[in-house]
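> Contents of protein07.pdb (PDB, C-alpha atoms) are given next:
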ATOM      1  CA  MET X   7      -0.748 -11.254 -66.269
ATOM      2  CA  LYS X   8       0.499 -14.719 -67.202
ATOM      3  CA  VAL X   9       4.152 -14.040 -66.387
ATOM      4  CA  ALA X  10       3.482 -12.974 -62.769
ATOM      5  CA  PRO X  11       3.162 -16.447 -61.160
ATOM      6  CA  THR X  12       6.378 -17.622 -62.816
ATOM      7  CA  ASP X  13       9.936 -16.766 -61.777
ATOM      8  CA  ALA X  14      10.812 -15.423 -65.221
ATOM      9  CA  THR X  15      13.036 -12.357 -65.361
ATOM     10  CA  VAL X  16      11.088  -9.360 -66.654
ATOM     11  CA  LEU X  17      12.234  -6.322 -68.653
ATOM     12  CA  ILE X  18       9.936  -3.282 -68.686
ATOM     13  CA  MET X  19      10.558  -0.558 -71.254
ATOM     14  CA  GLY X  20       8.881   2.799 -71.708
ATOM     15  CA  GLU X  21       9.235   6.546 -71.405
ATOM     16  CA  SER X  22       9.993   8.083 -68.037
ATOM     17  CA  GLY X  23       6.902   8.201 -65.859
ATOM     18  CA  THR X  24       4.858   5.621 -67.776
ATOM     19  CA  GLY X  25       4.336   3.517 -64.659
ATOM     20  CA  LYS X  26       7.071   0.919 -64.992
ATOM     21  CA  GLU X  27       7.357   0.436 -61.241
ATOM     22  CA  LEU X  28       3.583   0.084 -60.940
ATOM     23  CA  VAL X  29       3.855  -2.864 -63.333
ATOM     24  CA  ALA X  30       6.769  -4.295 -61.338
ATOM     25  CA  LYS X  31       4.772  -4.064 -58.105
ATOM     26  CA  ALA X  32       1.767  -5.681 -59.795
ATOM     27  CA  ILE X  33       3.926  -8.580 -60.993
ATOM     28  CA  HIS X  34       5.282  -9.087 -57.476
ATOM     29  CA  ALA X  35       1.823  -8.800 -55.908
ATOM     30  CA  ASN X  36       0.496 -11.533 -58.200
ATOM     31  CA  SER X  37       3.481 -13.847 -57.821
ATOM     32  CA  ARG X  38       4.264 -16.698 -55.464
ATOM     33  CA  ARG X  39       6.765 -14.345 -53.818
ATOM     34  CA  VAL X  40       4.146 -11.876 -52.619
ATOM     35  CA  ASN X  41       4.810 -12.657 -48.945
ATOM     36  CA  HIS X  42       8.532 -12.019 -49.365
ATOM     37  CA  PRO X  43      10.346  -8.687 -49.830
ATOM     38  CA  TYR X  44       9.946  -6.418 -52.826
ATOM     39  CA  VAL X  45      13.142  -4.371 -53.015
ATOM     40  CA  PRO X  46      13.392  -1.524 -55.548
ATOM     41  CA  VAL X  47      16.558   0.386 -56.386
ATOM     42  CA  ASN X  48      16.966   3.410 -58.649
ATOM     43  CA  CYS X  49      20.300   2.834 -60.354
ATOM     44  CA  ALA X  50      20.526   6.486 -61.406
ATOM     45  CA  ALA X  51      20.384   7.629 -57.774
ATOM     46  CA  ILE X  52      23.374   5.613 -56.524
ATOM     47  CA  SER X  53      26.919   6.606 -57.396
ATOM     48  CA  GLU X  54      29.104   4.093 -59.204
ATOM     49  CA  THR X  55      31.427   3.796 -56.202
ATOM     50  CA  LEU X  56      28.583   2.819 -53.848
ATOM     51  CA  LEU X  57      26.524   0.669 -56.195
ATOM     52  CA  GLU X  58      28.320  -2.628 -55.639
ATOM     53  CA  SER X  59      28.427  -2.228 -51.856
ATOM     54  CA  GLU X  60      24.765  -1.184 -51.738
ATOM     55  CA  LEU X  61      23.583  -4.182 -53.741
ATOM     56  CA  PHE X  62      26.030  -6.917 -52.747
ATOM     57  CA  GLY X  63      27.062  -5.765 -49.265
ATOM     58  CA  HIS X  64      30.584  -5.475 -47.881
ATOM     59  CA  ALA X  65      32.945  -6.963 -45.336
ATOM     60  CA  ARG X  66      34.241  -5.053 -42.368
ATOM     61  CA  GLY X  67      37.290  -2.992 -43.313
ATOM     62  CA  SER X  68      36.831  -3.578 -47.040
ATOM     63  CA  PHE X  69      37.082   0.178 -47.653
ATOM     64  CA  THR X  70      37.385   3.397 -45.696
ATOM     65  CA  GLY X  71      34.310   3.798 -43.508
ATOM     66  CA  ALA X  72      33.323   0.124 -43.587
ATOM     67  CA  ILE X  73      33.435  -0.253 -39.811
ATOM     68  CA  ALA X  74      31.123  -3.275 -39.824
ATOM     69  CA  ALA X  75      30.010  -5.985 -42.213
ATOM     70  CA  ARG X  76      26.787  -5.192 -44.005
ATOM     71  CA  LYS X  77      24.277  -7.218 -45.989
ATOM     72  CA  GLY X  78      23.462  -5.903 -49.442
ATOM     73  CA  LEU X  79      20.022  -5.331 -50.926
ATOM     74  CA  PHE X  80      20.221  -8.638 -52.800
ATOM     75  CA  GLU X  81      20.382 -10.484 -49.504
ATOM     76  CA  GLU X  82      17.562  -8.326 -48.126
ATOM     77  CA  ALA X  83      15.430  -9.377 -51.108
ATOM     78  CA  ASP X  84      16.081 -13.108 -50.641
ATOM     79  CA  GLY X  85      12.953 -15.072 -51.509
ATOM     80  CA  GLY X  86      11.334 -12.015 -53.057
ATOM     81  CA  THR X  87      11.608  -9.652 -55.998
ATOM     82  CA  PHE X  88      14.368  -7.202 -56.860
ATOM     83  CA  PHE X  89      13.420  -4.259 -59.089
ATOM     84  CA  PHE X  90      16.166  -2.398 -60.984
ATOM     85  CA  ASP X  91      14.862   0.977 -62.146
ATOM     86  CA  GLU X  92      16.910   2.671 -64.900
ATOM     87  CA  ILE X  93      19.139  -0.386 -65.313
ATOM     88  CA  THR X  94      21.033   1.353 -68.144
ATOM     89  CA  GLU X  95      22.564   3.744 -65.605
ATOM     90  CA  THR X  96      24.825   0.979 -64.260
ATOM     91  CA  PRO X  97      28.475   1.008 -65.398
ATOM     92  CA  LEU X  98      29.786  -1.799 -67.607
ATOM     93  CA  SER X  99      32.100  -3.039 -64.849
ATOM     94  CA  PHE X 100      29.131  -3.552 -62.536
ATOM     95  CA  GLN X 101      26.997  -5.109 -65.270
ATOM     96  CA  ALA X 102      29.440  -8.034 -65.491
ATOM     97  CA  LYS X 103      29.065  -8.705 -61.767
ATOM     98  CA  LEU X 104      25.297  -8.326 -61.963
ATOM     99  CA  LEU X 105      25.120 -10.833 -64.810
ATOM    100  CA  ARG X 106      27.021 -13.376 -62.723
ATOM    101  CA  ALA X 107      24.768 -12.766 -59.713
ATOM    102  CA  ILE X 108      21.658 -13.384 -61.825
ATOM    103  CA  GLN X 109      23.026 -16.474 -63.569
ATOM    104  CA  GLU X 110      24.563 -18.107 -60.502
ATOM    105  CA  ASN X 111      21.994 -16.967 -57.911
ATOM    106  CA  GLU X 112      24.787 -15.822 -55.659
ATOM    107  CA  VAL X 113      26.584 -12.629 -54.637
ATOM    108  CA  ARG X 114      29.954 -11.800 -53.142
ATOM    109  CA  ARG X 115      30.204  -9.009 -50.628
ATOM    110  CA  VAL X 116      32.864  -6.401 -51.356
ATOM    111  CA  GLY X 117      36.042  -7.594 -49.643
ATOM    112  CA  GLU X 118      34.947 -11.244 -49.405
ATOM    113  CA  ASN X 119      35.561 -14.239 -51.662
ATOM    114  CA  LYS X 120      32.906 -16.534 -50.207
ATOM    115  CA  PRO X 121      29.728 -16.548 -52.329
ATOM    116  CA  ILE X 122      26.343 -16.101 -50.660
ATOM    117  CA  ARG X 123      23.357 -17.892 -52.184
ATOM    118  CA  VAL X 124      20.302 -15.753 -52.917
ATOM    119  CA  ASN X 125      16.902 -16.612 -54.352
ATOM    120  CA  VAL X 126      15.706 -13.436 -56.048
ATOM    121  CA  ARG X 127      13.452 -12.726 -58.988
ATOM    122  CA  ILE X 128      14.739  -9.896 -61.177
ATOM    123  CA  ILE X 129      12.609  -7.192 -62.781
ATOM    124  CA  ALA X 130      14.449  -4.426 -64.639
ATOM    125  CA  ALA X 131      13.206  -1.231 -66.253
ATOM    126  CA  THR X 132      14.598   1.412 -68.577
ATOM    127  CA  ASN X 133      13.389   4.462 -70.477
ATOM    128  CA  LEU X 134      16.053   3.981 -73.164
ATOM    129  CA  ASP X 135      16.368   1.778 -76.238
ATOM    130  CA  LEU X 136      18.446  -1.061 -74.817
ATOM    131  CA  MET X 137      19.417  -2.429 -78.218
ATOM    132  CA  ALA X 138      20.800   0.983 -79.137
ATOM    133  CA  ALA X 139      22.715   1.050 -75.848
ATOM    134  CA  VAL X 140      24.140  -2.374 -76.682
ATOM    135  CA  ALA X 141      25.157  -1.190 -80.162
ATOM    136  CA  GLU X 142      26.860   1.844 -78.611
ATOM    137  CA  LYS X 143      28.758  -0.412 -76.165
ATOM    138  CA  ARG X 144      27.052   1.219 -73.175
ATOM    139  CA  PHE X 145      25.223  -1.936 -72.129
ATOM    140  CA  ARG X 146      26.385  -5.546 -72.165
ATOM    141  CA  GLN X 147      24.723  -7.685 -74.798
ATOM    142  CA  ASP X 148      24.827 -10.808 -72.637
ATOM    143  CA  LEU X 149      23.092  -8.970 -69.768
ATOM    144  CA  TYR X 150      20.459  -7.636 -72.169
ATOM    145  CA  TYR X 151      19.597 -11.151 -73.339
ATOM    146  CA  ARG X 152      19.564 -12.397 -69.738
ATOM    147  CA  LEU X 153      17.079  -9.690 -68.758
ATOM    148  CA  ASN X 154      14.943  -9.884 -71.894
ATOM    149  CA  VAL X 155      13.115 -13.087 -70.975
ATOM    150  CA  ALA X 156       9.642 -11.578 -70.639
ATOM    151  CA  ARG X 157       9.300  -8.036 -71.965
ATOM    152  CA  PHE X 158       6.691  -5.344 -71.443
ATOM    153  CA  VAL X 159       6.720  -2.173 -73.554
ATOM    154  CA  LEU X 160       4.608   0.526 -71.918
ATOM    155  CA  PRO X 161       3.291   3.127 -74.367
ATOM    156  CA  PRO X 162       3.158   6.738 -73.138
ATOM    157  CA  LEU X 163      -0.080   7.829 -71.495
ATOM    158  CA  ARG X 164      -0.987  10.000 -74.505
ATOM    159  CA  GLU X 165      -1.243   6.785 -76.529
ATOM    160  CA  ARG X 166      -3.525   5.025 -74.041
ATOM    161  CA  ARG X 167      -5.972   7.732 -73.038
ATOM    162  CA  GLU X 168      -8.520   5.077 -72.101
ATOM    163  CA  ASP X 169      -6.392   4.423 -68.999
ATOM    164  CA  VAL X 170      -6.638   8.002 -67.725
ATOM    165  CA  GLY X 171      -9.988   7.506 -65.978
ATOM    166  CA  ILE X 172      -8.880   4.301 -64.242
ATOM    167  CA  LEU X 173      -5.596   5.846 -63.110
ATOM    168  CA  PHE X 174      -7.329   9.023 -61.955
ATOM    169  CA  SER X 175      -9.717   7.020 -59.770
ATOM    170  CA  HIS X 176      -6.826   4.968 -58.374
ATOM    171  CA  PHE X 177      -4.793   8.043 -57.436
ATOM    172  CA  LEU X 178      -7.850   9.878 -56.091
ATOM    173  CA  ASP X 179      -8.599   6.979 -53.761
ATOM    174  CA  LYS X 180      -4.917   6.716 -52.781
ATOM    175  CA  TYR X 181      -4.547  10.357 -51.769
ATOM    176  CA  ASN X 182      -7.978  10.611 -50.160
ATOM    177  CA  LYS X 183      -6.898   7.803 -47.834
ATOM    178  CA  LYS X 184      -3.440   9.271 -47.307
ATOM    179  CA  MET X 185      -4.786  12.730 -46.451
ATOM    180  CA  HIS X 186      -7.893  11.457 -44.625
ATOM    181  CA  VAL X 187     -10.296  13.429 -46.836
ATOM    182  CA  ARG X 188     -13.107  12.627 -49.257
ATOM    183  CA  ALA X 189     -12.392  14.766 -52.282
ATOM    184  CA  LYS X 190     -14.412  13.987 -55.395
ATOM    185  CA  ALA X 191     -14.167  15.028 -59.026
ATOM    186  CA  ALA X 192     -16.600  17.400 -60.700
ATOM    187  CA  ASP X 193     -18.216  16.500 -64.001
ATOM    188  CA  GLY X 194     -15.873  16.894 -66.939
ATOM    189  CA  VAL X 195     -12.587  16.471 -65.044
ATOM    190  CA  VAL X 196     -11.696  13.066 -66.463
ATOM    191  CA  GLU X 197     -12.781  14.125 -69.951
ATOM    192  CA  ALA X 198     -10.514  17.184 -69.745
ATOM    193  CA  LEU X 199      -7.592  15.059 -68.595
ATOM    194  CA  MET X 200      -8.124  12.684 -71.516
ATOM    195  CA  GLY X 201      -7.497  15.628 -73.839
ATOM    196  CA  TYR X 202      -4.115  16.374 -72.258
ATOM    197  CA  ASP X 203      -0.884  14.957 -73.696
ATOM    198  CA  PHE X 204       0.873  14.226 -70.357
ATOM    199  CA  PRO X 205       4.549  14.830 -71.201
ATOM    200  CA  GLY X 206       5.294  13.498 -67.712
ATOM    201  CA  ASN X 207       3.097  10.421 -68.284
ATOM    202  CA  VAL X 208       1.556   8.549 -65.323
ATOM    203  CA  ARG X 209       3.868  10.270 -62.835
ATOM    204  CA  GLU X 210       2.538  13.660 -63.937
ATOM    205  CA  LEU X 211      -1.073  12.515 -63.572
ATOM    206  CA  GLU X 212      -0.360  11.257 -60.068
ATOM    207  CA  ASN X 213       1.233  14.582 -59.111
ATOM    208  CA  MET X 214      -1.783  16.443 -60.515
ATOM    209  CA  VAL X 215      -4.193  14.356 -58.438
ATOM    210  CA  GLU X 216      -2.109  14.611 -55.271
ATOM    211  CA  GLN X 217      -1.952  18.398 -55.563
ATOM    212  CA  ALA X 218      -5.659  18.685 -56.383
ATOM    213  CA  VAL X 219      -6.663  16.566 -53.376
ATOM    214  CA  ALA X 220      -4.380  18.600 -51.103
ATOM    215  CA  LEU X 221      -5.805  21.911 -52.293
ATOM    216  CA  SER X 222      -9.440  20.818 -52.391
ATOM    217  CA  GLY X 223      -9.698  20.432 -48.626
ATOM    218  CA  GLY X 224     -11.808  17.344 -49.171
ATOM    219  CA  GLY X 225     -14.236  19.175 -51.425
ATOM    220  CA  THR X 226     -14.835  18.993 -55.150
ATOM    221  CA  ILE X 227     -11.951  18.906 -57.634
ATOM    222  CA  THR X 228     -12.636  21.002 -60.725
ATOM    223  CA  VAL X 229     -10.974  21.071 -64.125
ATOM    224  CA  ASP X 230      -9.044  24.207 -63.113
ATOM    225  CA  ASP X 231      -7.654  22.346 -60.088
ATOM    226  CA  VAL X 232      -5.935  19.779 -62.291
ATOM    227  CA  LEU X 233      -5.396  21.754 -65.498
ATOM    228  CA  PRO X 234      -4.864  25.437 -64.601
ATOM    229  CA  THR X 235      -3.955  26.352 -68.199
ATOM    230  CA  THR X 236      -5.192  28.246 -71.212
ATOM    231  CA  GLY X 237      -5.230  27.415 -74.918
ATOM    232  CA  SER X 238      -5.584  23.820 -76.067
ATOM    233  CA  PRO X 239      -6.814  21.473 -73.323
ATOM    234  CA  GLY X 240      -4.047  21.075 -70.789
ATOM    235  CA  GLN X 241      -1.302  21.990 -73.239
ATOM    236  CA  ARG X 242      -0.184  25.575 -72.677
ATOM    237  CA  PRO X 243       0.314  27.686 -69.555
ATOM    238  CA  ALA X 244      -0.663  31.350 -69.722
ATOM    239  CA  SER X 245       2.825  32.216 -71.008
ATOM    240  CA  GLY X 246       2.106  30.320 -74.221
ATOM    241  CA  ARG X 247       4.871  27.803 -73.567
ATOM    242  CA  THR X 248       4.174  24.105 -73.369
ATOM    243  CA  LEU X 249       4.667  22.335 -70.069
ATOM    244  CA  ALA X 250       7.636  20.509 -71.632
ATOM    245  CA  ASP X 251       9.203  23.909 -72.431
ATOM    246  CA  VAL X 252       8.768  25.024 -68.826
ATOM    247  CA  VAL X 253      10.321  21.797 -67.497
ATOM    248  CA  ASP X 254      13.233  22.028 -69.945
ATOM    249  CA  GLY X 255      13.858  25.624 -68.932
ATOM    250  CA  ALA X 256      13.916  24.730 -65.256
ATOM    251  CA  GLU X 257      16.276  21.793 -65.893
ATOM    252  CA  ARG X 258      18.565  23.974 -68.013
ATOM    253  CA  GLN X 259      18.781  26.613 -65.302
ATOM    254  CA  ALA X 260      19.447  24.046 -62.545
ATOM    255  CA  ILE X 261      22.201  22.377 -64.597
ATOM    256  CA  ASP X 262      23.816  25.721 -65.450
ATOM    257  CA  VAL X 263      23.908  26.717 -61.776
ATOM    258  CA  ALA X 264      25.273  23.325 -60.677
ATOM    259  CA  LEU X 265      28.010  23.434 -63.318
ATOM    260  CA  ARG X 266      28.979  26.977 -62.394
ATOM    261  CA  ASP X 267      29.095  26.164 -58.688
ATOM    262  CA  SER X 268      31.159  23.037 -59.460
ATOM    263  CA  ASP X 269      33.695  24.937 -61.607
ATOM    264  CA  GLY X 270      32.611  22.983 -64.662
ATOM    265  CA  SER X 271      33.038  19.516 -63.129
ATOM    266  CA  ARG X 272      30.166  17.457 -64.455
ATOM    267  CA  GLU X 273      30.796  14.727 -61.886
ATOM    268  CA  ARG X 274      30.408  17.154 -58.961
ATOM    269  CA  ALA X 275      27.475  18.870 -60.648
ATOM    270  CA  ALA X 276      25.716  15.505 -61.036
ATOM    271  CA  GLU X 277      26.235  14.823 -57.327
ATOM    272  CA  VAL X 278      24.733  18.215 -56.429
ATOM    273  CA  LEU X 279      21.727  17.534 -58.668
ATOM    274  CA  GLY X 280      21.238  14.043 -57.244
ATOM    275  CA  ILE X 281      21.616  12.256 -60.585
ATOM    276  CA  SER X 282      24.314  10.106 -62.168
ATOM    277  CA  PRO X 283      27.006  11.677 -64.378
ATOM    278  CA  THR X 284      25.608   9.672 -67.305
ATOM    279  CA  THR X 285      22.121  11.105 -66.765
ATOM    280  CA  LEU X 286      23.584  14.614 -66.544
ATOM    281  CA  TRP X 287      25.469  14.083 -69.797
ATOM    282  CA  ARG X 288      22.293  12.914 -71.544
ATOM    283  CA  LYS X 289      20.324  15.904 -70.257
ATOM    284  CA  MET X 290      23.079  18.306 -71.358
ATOM    285  CA  THR X 291      23.086  16.720 -74.806
ATOM    286  CA  ARG X 292      19.284  16.905 -75.114
ATOM    287  CA  LEU X 293      19.135  20.493 -73.894
ATOM    288  CA  GLY X 294      22.103  21.633 -75.957
ATOM    289  CA  ILE X 295      24.193  22.612 -72.925
ATOM    290  CA  SER X 296      27.947  22.822 -73.415
ATOM    291  CA  TYR X 297      30.251  23.777 -70.569
ATOM    292  CA  PRO X 298      34.044  23.699 -70.246
ATOM    293  CA  SER X 299      34.788  20.789 -67.912
ATOM    294  CA  SER X 300      37.563  20.834 -65.360
ATOM    295  CA  GLY X 301      37.039  17.187 -64.441
ATOM    296  CA  GLY X 302      34.509  14.359 -64.166
ATOM    297  CA  ILE X 303      33.037  12.640 -67.151
TER
END
The structure given in the file should be rewritten as structure tokens.

Amino acid sequence: MKVAPTDATVLIMGESGTGKELVAKAIHANSRRVNHPYVPVNCAAISETLLESELFGHARGSFTGAIAARKGLFEEADGGTFFFDEITETPLSFQAKLLRAIQENEVRRVGENKPIRVNVRIIAATNLDLMAAVAEKRFRQDLYYRLNVARFVLPPLRERREDVGILFSHFLDKYNKKMHVRAKAADGVVEALMGYDFPGNVRELENMVEQAVALSGGGTITVDDVLPTTGSPGQRPASGRTLADVVDGAERQAIDVALRDSDGSRERAAEVLGISPTTLWRKMTRLGISYPSSGGI
């Protein structure tokens, strides 16, 4: 990984669950900053109102509840690596401030004018087409070019099946150590997994292995432990629906309930679901959910 030892800003693109943070961690681990902090932040999990304070810090009394001055995550990451997951979830107003922080290597706490110098390497990731977001005026073009210094495009796991065996062994070792067991895979397990399309990508494979290790009791993991399905290898549950159909159905039901409980306010529904209003809007659009809104986005 030639880019790792440098301080170049890195942009990682790929579907959700393809292992973008694993790449970010690998870059940090092989960099000159390895002995300094690695600080990740999921931009979709922090509300717009808290994002600036969380990343840049704030002065005492700068807003209601700010009873003491606080360092932001940028300062915490000084000397190390800062990983922005789902960078496209940041609002345009914040993107301008982020661009300045990256270009000038300094931040300003909310409520303060004095700049604070920081030495941070930036790695950003997204599961969206950033150029399309730029064209739609949802992402700043100047920030895109600032982030797109070294770019990695991670193909979905179904397009790199040769990685399944390596990843399976990695996750098996990880969860054996975590659970203090010695589970092992039966013959044919990896081959069966290589025939599965993994709509949830690397994250889904990791969840499969974690569950299989937990249920095996330290014994042997069989094909049925990781792929308890019928029909084409790993594709269809007994109901005949694909795993993607099941996930979409569960998401649709959760969104419907959250919207109903929030009287149609998508902003409050997003807060209940633990996602950003923008992410909720995208999910509603993809799932074909329309709901009369009494407020929010």
> Of the residues X:Ala14, X:Ala102, X:Ile52, X:Val232, which is the one nearest to Arg38 in chain X, using all atoms listed in the file?
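With all atoms listed in the file as the atom set, the closest residue is X:Ala14.
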> The PyMOL selection byres ((chain X and resi 291-295) around 9) on the file shown: which residues, as a ChimeraX atom specification?
/X:254-255,257-258,261-262,286-290,296-297
> Calculated over all atoms listed in the file, which of the candidates X:Ala260, X:Leu199, X:Ala275, X:Ala74 has the smallest distance to Glu212 in chain X?
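Looking only at the distances to Glu212 in chain X, the closest residue turns out to be X:Leu199.
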> Would you mind telling me which residue in X:Gln217, X:Thr285, X:Thr94, X:Thr55 lies nearest to Tyr150 in chain X when using all atoms listed in the file?
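Smallest separation from Tyr150 in chain X among the options: X:Thr94.
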> Work out how far CA of Gln147 in chain X is from CA of Lys77 in chain X, in Å to one decimal.
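Distance reported for this atom pair: 28.8 Å.
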> Excluding Gln109 in chain X and its own-chain neighbours fewer than 3 positions away, which residues fall within 12 Å of it when counting all atoms listed in the file? Please give them as a list in words.
Thr15, Ala102, Lys103, Leu104, Leu105, Arg106, Glu112, Val113, Arg123, Val124, Asn125, Val126, Arg127, Ile128, Asp148, Leu149, Tyr151, Arg152 and Leu153 of chain X
> Within 10 Å of (-13.3, 11.2, -57.9) in the file's own coordinates, which protein, DNA or RNA residues have an atom, counting all atoms listed in the file? List them as a list in words.
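Using all atoms listed in the file, the matching residues come out as Gly171, Phe174, Ser175, His176, Phe177, Leu178, Asp179, Asn182, Arg188, Ala189, Lys190, Ala191, Ala192, Asp193, Val195, Val196, Val215, Val219, Thr226 and Ile227 of chain X.
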> Create the file for the chosen residues now, containing C-alpha atoms and written as a compact mmCIF listing (two decimals), in the frame of the given file.

# COMPACT_ATOMS: atom_id res chain seq x y z
CA GLY X 171 -9.99 7.51 -65.98
CA PHE X 174 -7.33 9.02 -61.96
CA SER X 175 -9.72 7.02 -59.77
CA HIS X 176 -6.83 4.97 -58.37
CA PHE X 177 -4.79 8.04 -57.44
CA LEU X 178 -7.85 9.88 -56.09
CA ASP X 179 -8.60 6.98 -53.76
CA ASN X 182 -7.98 10.61 -50.16
CA ARG X 188 -13.11 12.63 -49.26
CA ALA X 189 -12.39 14.77 -52.28
CA LYS X 190 -14.41 13.99 -55.40
CA ALA X 191 -14.17 15.03 -59.03
CA ALA X 192 -16.60 17.40 -60.70
CA ASP X 193 -18.22 16.50 -64.00
CA VAL X 195 -12.59 16.47 -65.04
CA VAL X 196 -11.70 13.07 -66.46
CA VAL X 215 -4.19 14.36 -58.44
CA VAL X 219 -6.66 16.57 -53.38
CA THR X 226 -14.84 18.99 -55.15
CA ILE X 227 -11.95 18.91 -57.63
> Report as a compact mmCIF listing (two decimals) with C-alpha atoms, keeping the file's coordinate frame all protein, DNA and RNA residues lying within 7 Å of Ala83 in chain X, evaluated on only C-alpha atoms, omitting residues in the same chain fewer than 6 positions from it.

# COMPACT_ATOMS: atom_id res chain seq x y z
CA PRO X 43 10.35 -8.69 -49.83
CA TYR X 44 9.95 -6.42 -52.83
CA VAL X 45 13.14 -4.37 -53.02
CA VAL X 126 15.71 -13.44 -56.05
> Write out as a PyMOL selection string which residues come within 8 Å of range 20-30 of chain X when counting only C-alpha atoms, dropping same-chain ones fewer than 5 positions away.
chain X and resi 89+91+129+131-134+159-163+206-210
> Write a file of the selected residues as a compact mmCIF listing (two decimals), keeping the file's coordinate frame, keeping C-alpha atoms.

# COMPACT_ATOMS: atom_id res chain seq x y z
CA PHE X 89 13.42 -4.26 -59.09
CA ASP X 91 14.86 0.98 -62.15
CA ILE X 129 12.61 -7.19 -62.78
CA ALA X 131 13.21 -1.23 -66.25
CA THR X 132 14.60 1.41 -68.58
CA ASN X 133 13.39 4.46 -70.48
CA LEU X 134 16.05 3.98 -73.16
CA VAL X 159 6.72 -2.17 -73.55
CA LEU X 160 4.61 0.53 -71.92
CA PRO X 161 3.29 3.13 -74.37
CA PRO X 162 3.16 6.74 -73.14
CA LEU X 163 -0.08 7.83 -71.50
CA GLY X 206 5.29 13.50 -67.71
CA ASN X 207 3.10 10.42 -68.28
CA VAL X 208 1.56 8.55 -65.32
CA ARG X 209 3.87 10.27 -62.84
CA GLU X 210 2.54 13.66 -63.94
> Mind giving me the straight-line distance from CA of Gly63 in chain X to CA of Ile108 in chain X in Å, one decimal?
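About the pair CA of Gly63 in chain X and CA of Ile108 in chain X: they are 15.7 Å apart.
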> Interatomic distance between CA of Ala35 in chain X and CA of Ile172 in chain X?
18.9 Å
> Please write as a list of chain:residue names the full residue list that the PyMOL selection byres ((chain X and resi 47) around 9) yields on this file.
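With the PyMOL selection byres ((chain X and resi 47) around 9) on this model, the match is X:Val45, X:Pro46, X:Asn48, X:Cys49, X:Ala50, X:Ala51, X:Ile52, X:Leu61, X:Leu79, X:Phe88, X:Phe89, X:Phe90, X:Asp91, X:Glu92.
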> Tell me which of X:Met19, X:Leu221, X:Val278, X:Ile93 sits closest to Arg157 in chain X, counting all atoms listed in the file.
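Answer, going by the shortest atom-to-atom distance: X:Met19.
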> Nearest to Ser282 in chain X among X:Ser268, X:His186, X:Val155, X:Leu56, with distances taken over all atoms listed in the file: which residue is it?
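Among X:Ser268, X:His186, X:Val155, X:Leu56, it is X:Leu56 that comes nearest to Ser282 in chain X.
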